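Engineer: Below is the file query36.txt, which contains compact mmCIF, C-alpha atoms and all ligand atoms.
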```
# COMPACT_ATOMS: atom_id res chain seq x y z
CA MET A 1249 -0.39 -34.77 7.90
CA ILE A 1250 2.68 -33.78 5.88
CA SER A 1251 5.98 -35.42 6.57
CA LEU A 1252 9.36 -34.62 5.03
CA GLN A 1253 12.29 -36.98 5.40
CA SER A 1254 15.82 -35.90 4.43
CA VAL A 1255 14.54 -33.63 1.67
CA SER A 1256 17.19 -31.92 -0.43
CA LYS A 1257 16.91 -29.79 -3.53
CA LEU A 1258 19.68 -28.82 -5.92
CA TYR A 1259 19.14 -26.44 -8.80
CA ASN A 1260 21.27 -26.78 -11.94
CA GLU A 1261 22.66 -30.07 -10.71
CA GLY A 1262 26.10 -30.90 -12.07
CA ARG A 1263 26.60 -27.49 -13.64
CA PRO A 1264 28.91 -24.71 -12.47
CA SER A 1265 25.84 -22.81 -11.30
CA GLU A 1266 24.69 -25.69 -9.04
CA THR A 1267 22.89 -24.34 -5.96
CA THR A 1268 21.86 -26.28 -2.90
CA ALA A 1269 18.47 -24.75 -2.04
CA LEU A 1270 17.50 -27.35 0.58
CA SER A 1271 19.68 -29.71 2.52
CA GLY A 1272 18.43 -32.70 4.54
CA ILE A 1273 15.12 -31.26 5.74
CA ASP A 1274 13.16 -33.38 8.25
CA LEU A 1275 9.84 -31.82 9.17
CA GLU A 1276 6.34 -32.76 10.34
CA ILE A 1277 3.45 -30.41 9.56
CA ALA A 1278 0.22 -30.91 11.46
CA ARG A 1279 -3.35 -30.58 10.31
CA ASP A 1280 -5.39 -27.85 12.07
CA ALA A 1281 -2.28 -25.70 12.35
CA LEU A 1282 -0.94 -22.47 10.96
CA THR A 1283 2.72 -23.01 10.08
CA VAL A 1284 5.02 -20.21 8.94
CA PHE A 1285 8.40 -20.64 7.24
CA LYS A 1286 10.62 -17.71 8.06
CA GLY A 1287 14.16 -16.83 7.10
CA PRO A 1288 16.20 -14.41 5.05
CA SER A 1289 15.82 -14.14 1.30
CA GLY A 1290 17.47 -17.12 -0.39
CA SER A 1291 17.17 -19.40 2.66
CA GLY A 1292 14.93 -21.87 0.79
CA LYS A 1293 11.42 -20.98 1.98
CA THR A 1294 9.80 -20.82 -1.45
CA THR A 1295 11.56 -23.97 -2.62
CA LEU A 1296 10.35 -25.86 0.44
CA LEU A 1297 6.80 -24.62 -0.05
CA SER A 1298 6.88 -25.60 -3.76
CA ILE A 1299 8.09 -29.10 -2.97
CA ILE A 1300 5.47 -29.63 -0.25
CA ALA A 1301 2.73 -28.39 -2.61
CA CYS A 1302 3.77 -30.80 -5.41
CA MET A 1303 4.84 -27.92 -7.67
CA ALA A 1304 8.45 -29.08 -7.72
CA ARG A 1305 10.28 -32.31 -6.96
CA PRO A 1306 13.00 -32.82 -4.40
CA THR A 1307 16.41 -33.97 -5.66
CA SER A 1308 16.39 -36.54 -2.86
CA GLY A 1309 14.33 -37.43 0.19
CA ARG A 1310 10.70 -38.38 0.71
CA ILE A 1311 7.48 -36.47 1.23
CA TYR A 1312 4.25 -37.97 2.53
CA VAL A 1313 0.87 -36.23 2.45
CA ASP A 1314 -1.69 -38.03 4.60
CA GLY A 1315 0.47 -41.13 4.32
CA ARG A 1316 0.70 -40.98 0.51
CA MET A 1317 4.21 -40.63 -0.81
CA THR A 1318 4.19 -37.70 -3.27
CA SER A 1319 7.92 -37.49 -3.98
CA GLY A 1320 8.67 -39.56 -7.03
CA LEU A 1321 5.13 -39.50 -8.43
CA PRO A 1322 4.90 -39.08 -12.22
CA GLU A 1323 3.75 -35.63 -13.33
CA SER A 1324 0.11 -36.56 -14.05
CA PHE A 1325 -0.32 -38.03 -10.55
CA LEU A 1326 1.53 -35.12 -9.01
CA ALA A 1327 -0.85 -32.68 -10.71
CA LYS A 1328 -3.83 -34.63 -9.40
CA GLU A 1329 -2.42 -34.62 -5.87
CA ARG A 1330 -1.74 -30.88 -6.18
CA ARG A 1331 -5.33 -30.17 -7.23
CA ARG A 1332 -6.98 -32.29 -4.60
CA THR A 1333 -4.80 -31.31 -1.66
CA PHE A 1334 -3.66 -27.71 -2.05
CA GLY A 1335 -5.15 -24.26 -2.53
CA PHE A 1336 -2.81 -21.41 -3.38
CA VAL A 1337 -2.67 -17.73 -2.44
CA PHE A 1338 0.06 -15.81 -4.25
CA GLN A 1339 1.93 -12.71 -3.18
CA ARG A 1340 0.19 -10.49 -5.73
CA PHE A 1341 -2.96 -12.58 -5.54
CA ASN A 1342 -2.83 -13.22 -9.33
CA LEU A 1343 -6.51 -12.45 -9.85
CA ILE A 1344 -7.44 -12.28 -13.53
CA ARG A 1345 -8.40 -8.74 -14.53
CA GLY A 1346 -11.49 -8.39 -16.66
CA LEU A 1347 -13.17 -11.29 -14.86
CA THR A 1348 -15.54 -10.84 -11.94
CA VAL A 1349 -14.85 -11.98 -8.42
CA MET A 1350 -17.15 -14.99 -8.93
CA GLU A 1351 -15.44 -15.93 -12.22
CA ASN A 1352 -12.04 -15.72 -10.56
CA VAL A 1353 -13.15 -17.85 -7.64
CA LEU A 1354 -14.53 -20.50 -10.00
CA LEU A 1355 -11.32 -20.78 -12.11
CA PRO A 1356 -9.81 -23.72 -10.17
CA THR A 1357 -13.00 -25.75 -10.62
CA ALA A 1358 -12.51 -25.97 -14.40
CA PRO A 1359 -10.05 -28.92 -14.49
CA LEU A 1360 -12.23 -30.98 -12.14
CA GLY A 1361 -15.35 -30.91 -14.29
CA GLY A 1362 -17.76 -30.96 -11.35
CA ASN A 1363 -21.31 -29.66 -11.08
CA PRO A 1364 -21.25 -25.97 -12.16
CA GLN A 1365 -24.26 -24.94 -10.06
CA ALA A 1366 -22.84 -26.63 -6.97
CA ASP A 1367 -19.54 -24.83 -7.63
CA ILE A 1368 -21.34 -21.48 -7.87
CA ASP A 1369 -23.28 -22.16 -4.66
CA ARG A 1370 -20.08 -23.08 -2.84
CA ALA A 1371 -18.31 -19.97 -4.17
CA ALA A 1372 -21.23 -17.75 -3.14
CA ALA A 1373 -21.26 -19.23 0.36
CA ARG A 1374 -17.52 -18.67 0.76
CA LEU A 1375 -17.74 -15.11 -0.57
CA ASP A 1376 -20.54 -14.44 1.92
CA THR A 1377 -18.44 -15.79 4.79
CA LEU A 1378 -15.62 -13.49 3.74
CA GLY A 1379 -17.93 -10.49 3.47
CA LEU A 1380 -17.55 -10.35 -0.32
CA GLY A 1381 -21.06 -11.43 -1.31
CA PRO A 1382 -22.03 -7.98 -2.59
CA LYS A 1383 -18.89 -7.88 -4.78
CA ALA A 1384 -19.41 -11.25 -6.48
CA ASN A 1385 -20.24 -9.69 -9.85
CA VAL A 1386 -17.70 -6.87 -9.75
CA ALA A 1387 -14.61 -7.04 -11.97
CA VAL A 1388 -11.58 -7.68 -9.78
CA GLU A 1389 -9.73 -4.56 -10.90
CA HIS A 1390 -12.33 -2.55 -8.99
CA LEU A 1391 -11.57 -4.23 -5.66
CA SER A 1392 -9.67 -2.66 -2.78
CA GLY A 1393 -6.50 -4.40 -1.56
CA GLY A 1394 -8.36 -6.10 1.26
CA GLU A 1395 -11.16 -7.28 -1.03
CA ALA A 1396 -8.64 -8.65 -3.54
CA GLN A 1397 -6.97 -10.54 -0.72
CA ARG A 1398 -10.25 -12.13 0.35
CA ALA A 1399 -11.16 -12.97 -3.27
CA ALA A 1400 -7.80 -14.75 -3.56
CA ILE A 1401 -8.54 -16.72 -0.39
CA ALA A 1402 -12.00 -17.66 -1.68
CA ARG A 1403 -10.46 -18.88 -4.94
CA ALA A 1404 -7.83 -20.91 -3.08
CA LEU A 1405 -10.57 -22.67 -1.09
CA ILE A 1406 -13.08 -23.35 -3.83
CA ASN A 1407 -12.11 -27.00 -4.31
CA ASP A 1408 -12.16 -27.55 -0.55
CA PRO A 1409 -8.44 -28.35 -0.23
CA PRO A 1410 -7.25 -29.63 3.14
CA VAL A 1411 -4.13 -27.44 2.87
CA LEU A 1412 -3.83 -23.74 2.05
CA ILE A 1413 -0.43 -22.63 0.73
CA ALA A 1414 0.53 -18.96 0.72
CA ASP A 1415 3.89 -17.58 -0.46
CA GLU A 1416 4.65 -14.20 1.15
CA PRO A 1417 0.96 -13.28 1.10
CA THR A 1418 1.35 -10.17 3.22
CA ALA A 1419 4.43 -8.70 1.56
CA ASN A 1420 2.41 -6.01 -0.21
CA LEU A 1421 -0.12 -5.32 2.52
CA ASP A 1422 -0.26 -2.66 5.19
CA THR A 1423 -0.24 -3.83 8.79
CA GLU A 1424 -4.01 -3.84 9.21
CA LEU A 1425 -4.51 -6.02 6.12
CA ALA A 1426 -1.61 -8.30 7.04
CA LEU A 1427 -3.19 -9.00 10.42
CA ARG A 1428 -6.60 -9.43 8.82
CA PHE A 1429 -5.10 -12.03 6.49
CA LEU A 1430 -3.70 -13.87 9.48
CA ASP A 1431 -7.06 -13.73 11.23
CA ILE A 1432 -8.83 -15.25 8.24
CA VAL A 1433 -6.36 -18.07 7.70
CA ALA A 1434 -6.18 -18.81 11.42
CA GLY A 1435 -9.96 -19.26 11.22
CA LEU A 1436 -9.45 -21.99 8.60
CA ARG A 1437 -7.97 -24.20 11.30
CA ALA A 1438 -11.43 -24.49 12.75
CA GLU A 1439 -12.48 -26.01 9.40
CA GLY A 1440 -9.76 -28.62 9.89
CA ARG A 1441 -7.36 -27.19 7.34
CA ALA A 1442 -3.62 -26.82 7.52
CA VAL A 1443 -2.24 -23.44 6.48
CA ILE A 1444 1.41 -23.22 5.43
CA MET A 1445 2.91 -19.89 4.50
CA THR A 1446 6.27 -18.23 3.99
CA SER A 1447 7.00 -14.85 5.47
CA HIS A 1448 9.91 -12.69 6.38
CA ASP A 1449 7.43 -10.38 8.03
CA ALA A 1450 7.81 -10.12 11.81
CA ARG A 1451 4.16 -9.05 12.10
CA ILE A 1452 3.27 -12.56 10.94
CA TRP A 1453 5.62 -14.93 12.69
CA GLY A 1454 5.46 -12.87 15.87
CA SER A 1455 1.69 -13.35 16.07
CA GLU A 1456 0.13 -15.59 18.68
CA LEU A 1457 -2.21 -16.94 15.98
CA VAL A 1458 0.71 -18.83 14.45
CA ASP A 1459 1.07 -22.39 15.77
CA LYS A 1460 4.53 -23.18 14.48
CA VAL A 1461 7.39 -21.12 13.11
CA VAL A 1462 9.91 -23.02 11.01
CA SER A 1463 13.08 -21.01 10.88
CA MET A 1464 15.37 -21.49 7.87
CA ARG A 1465 18.91 -20.53 7.01
CA ASP A 1466 21.00 -21.58 4.00
CA GLY A 1467 18.60 -24.36 3.07
CA ARG A 1468 18.52 -25.92 6.52
CA LEU A 1469 16.21 -25.70 9.48
CA ASP A 1470 17.61 -23.44 12.17
CA GLU A 1471 18.14 -24.89 15.59
CA GLY A 1472 15.05 -24.58 17.72
CA THR A 1473 12.57 -25.62 15.02
CA SER A 1474 10.78 -28.77 16.05
P1 LIG B 1501 13.55 -17.87 -0.31
O1 LIG B 1501 12.14 -18.20 -0.68
O2 LIG B 1501 13.86 -18.12 1.13
O3 LIG B 1501 13.97 -16.51 -0.75
P2 LIG B 1501 14.31 -19.69 -2.44
O4 LIG B 1501 13.71 -21.03 -2.14
O5 LIG B 1501 13.63 -18.84 -3.44
O6 LIG B 1501 14.52 -18.90 -1.07
O7 LIG B 1501 15.80 -19.91 -2.94
C1 LIG B 1501 16.75 -20.77 -2.27
C2 LIG B 1501 18.04 -20.81 -3.10
O8 LIG B 1501 17.80 -21.48 -4.34
C3 LIG B 1501 18.60 -19.44 -3.46
O9 LIG B 1501 19.99 -19.53 -3.46
C4 LIG B 1501 18.08 -19.21 -4.87
O10 LIG B 1501 18.93 -18.35 -5.59
C5 LIG B 1501 18.07 -20.61 -5.44
N1 LIG B 1501 17.02 -20.81 -6.46
C6 LIG B 1501 15.68 -20.69 -6.25
N2 LIG B 1501 14.98 -20.99 -7.37
C7 LIG B 1501 15.92 -21.31 -8.32
C8 LIG B 1501 15.85 -21.73 -9.69
N3 LIG B 1501 14.67 -21.88 -10.32
N4 LIG B 1501 17.01 -21.95 -10.34
C9 LIG B 1501 18.21 -21.83 -9.71
N5 LIG B 1501 18.34 -21.46 -8.43
C10 LIG B 1501 17.22 -21.19 -7.73
```
Let me see whether you can do it: turn the structure in this file into structure tokens.
Structural biologist:
Amino acid sequence: MISLQSVSKLYNEGRPSETTALSGIDLEIARDALTVFKGPSGSGKTTLLSIIACMARPTSGRIYVDGRMTSGLPESFLAKERRRTFGFVFQRFNLIRGLTVMENVLLPTAPLGGNPQADIDRAAARLDTLGLGPKANVAVEHLSGGEAQRAAIARALINDPPVLIADEPTANLDTELALRFLDIVAGLRAEGRAVIMTSHDARIWGSELVDKVVSMRDGRLDEGTS
């Protein structure tokens, strides 16, 4: 579903501070799979995730999402591709304090201008599935860590993206919540979604729920990744 061909990324190109964050990455990412990028800090995991999710452009190389080439798209098209294809869960969840769970979950629907009642119904159904129905009208600052995590997942899924992207989503969670996160996202496979996450957390990439571990070092894929 996602294909990378010879993808490289330089930061500060041509300046003394030039950094090669990614170097000649070839990778295929399947639908219905939970893929984890692992590697030490600075190995390029976040950069790779950002490029796949149309948040940044590669310096060279090509990226295809469902056969559509996204590398080289102008910004307005890239933003459209980002909105229709990807849902995001951030390390600190980035829920907006002062808004309720429902209001947070509905935030990504705003740019699409769809049917507000249909959006609310979809949000309510997802919150129910995640066991958060009773918390829909609670301000997010009153949620526990596990509830905040599930609210963030509900928000990431509200526009029904085929791909869920999560950057170090378990870095601030205790073991029980980290495994619960994995359980939930592994369940999204059954809905036909791809889940791609970064983690340097052995609890995550050691789990049997993970379909593919992509190991990175110094901006390259480690031997053994296929
Ligand atoms: P990881 O997620 O594995 O920690 P990153 O993708 O964040 O790795 O970083 C890869 C390399 O690119 C590192 O050397 C980092 O310092 C550098 N880098 C990341 N983002 C930027 C940026 N915005 N500007 C300059 N260098 C960056």
Engineer: Compile a residue-level contact table for chain A against ligand LIG 1501 (chain B) at a cut-off of 7 Å, reporting for every qualifying residue the shortest atom pair and its distance in Å to one decimal, with only C-alpha atoms and all ligand atoms counted, rows ordered by chain and ascending number, as CSV.
Structural biologist:
```
residue,atom,partner,partner_atom,distance
A:Tyr1259,CA,B:LIG1501,C9,4.8
A:Asn1260,CA,B:LIG1501,C9,6.2
A:Thr1267,CA,B:LIG1501,N5,5.9
A:Thr1268,CA,B:LIG1501,O8,6.4
A:Ala1269,CA,B:LIG1501,O8,4.1
A:Gly1287,CA,B:LIG1501,O2,6.1
A:Pro1288,CA,B:LIG1501,O2,5.9
A:Ser1289,CA,B:LIG1501,O3,3.6
A:Gly1290,CA,B:LIG1501,O6,3.5
A:Ser1291,CA,B:LIG1501,O2,3.9
A:Gly1292,CA,B:LIG1501,O4,3.3
A:Lys1293,CA,B:LIG1501,O2,3.9
A:Thr1294,CA,B:LIG1501,O1,3.6
A:Thr1295,CA,B:LIG1501,O4,3.7
A:Leu1296,CA,B:LIG1501,O4,6.4
A:Gly1467,CA,B:LIG1501,C1,6.7
```
Engineer: Which residues come within 12 Å of segment 1450-1460 of chain A, counting only C-alpha atoms, excluding same-chain residues fewer than 6 positions away, as an NGL selection string?
Structural biologist: :A and (1275-1288 or 1416-1419 or 1421-1437 or 1442-1444 or 1472-1474)
Engineer: Using the file's own x, y and z axes, what box holds all listed atoms of segment 1440-1454 of chain A with 3 Å on each side, keeping edges along x, y and z, and what are its centre and edge lengths in Å to one decimal, as JSON?
Structural biologist:
```
{"center_x": 0.1, "center_y": -18.8, "center_z": 9.9, "size_x": 25.7, "size_y": 25.6, "size_z": 17.9}
```
Engineer: Report, in Å to a single decimal, how far apart atom CA of Ala1301 of chain A and atom CA of Arg1263 of chain A are.
Structural biologist: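 That distance, rounded to one decimal, is 26.3 Å.
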Engineer: Compile the contact shell of segment 1374-1387 of chain A as a list in words: residues with an atom at most 6 Å away, counting all atoms listed in the file, same-chain residues fewer than 5 positions apart removed.
Structural biologist: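 Residues near the query, excluding close chain neighbours: Gly1346, Leu1347, Thr1348, Val1349 and Met1350 of chain A.
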Engineer: Mind running segment 1276-1307 of chain A against segment 1317-1333 of chain A at 7 Å and telling me each contacting residue's nearest atom pair with the distance in Å (one decimal), counting all atoms listed in the file, chain and number ascending, as a Markdown table?
Structural biologist:
```
| residue | atom | partner | partner_atom | distance |
| --- | --- | --- | --- | --- |
| A:Ala1301 | CA | A:Arg1330 | CA | 6.2 |
| A:Cys1302 | CA | A:Arg1330 | CA | 5.6 |
| A:Arg1305 | CA | A:Ser1319 | CA | 6.4 |
| A:Pro1306 | CA | A:Ser1319 | CA | 6.9 |
```
Engineer: Between atom CA of Ala1414 of chain A and atom CA of Gln1397 of chain A, what is the distance, to one decimal in Å?
Structural biologist: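 Interatomic distance here is 11.4 Å.
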Engineer: Using only C-alpha atoms, pick whichever of A:Ala1358, A:Val1388, A:Leu1258, A:Ala1400 has the shortest atom-to-atom distance to Gly1309 of chain A.
Structural biologist: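 Using only C-alpha atoms, the shortest distance to Gly1309 of chain A belongs to A:Leu1258.
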Engineer: Find the residues near Ile1413 of chain A: any atom within 6 Å, counting only C-alpha atoms, skip ones fewer than 5 places away on the same chain, and give them as a ChimeraX atom specification.
Structural biologist: /A:1335-1336,1444-1445
Engineer: Pick from A:Val1462, A:Val1255, A:Leu1391, A:Ala1371: nearest to Arg1345 of chain A, with only C-alpha atoms counted?
Structural biologist: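 Smallest separation from Arg1345 of chain A among the options: A:Leu1391.
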Engineer: Can you measure atom CA of Leu1343 of chain A to atom CA of Arg1403 of chain A for me? One decimal in Å is fine.
Structural biologist: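 Between these atoms lies a distance of 9.0 Å.
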Engineer: Which residue is closest to Pro1409 of chain A? Choose from A:Arg1310, A:His1448, A:Arg1465, A:Arg1441 and count only C-alpha atoms.
Structural biologist: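 Looking at the shortest contact to Pro1409 of chain A, the residue is A:Arg1441.
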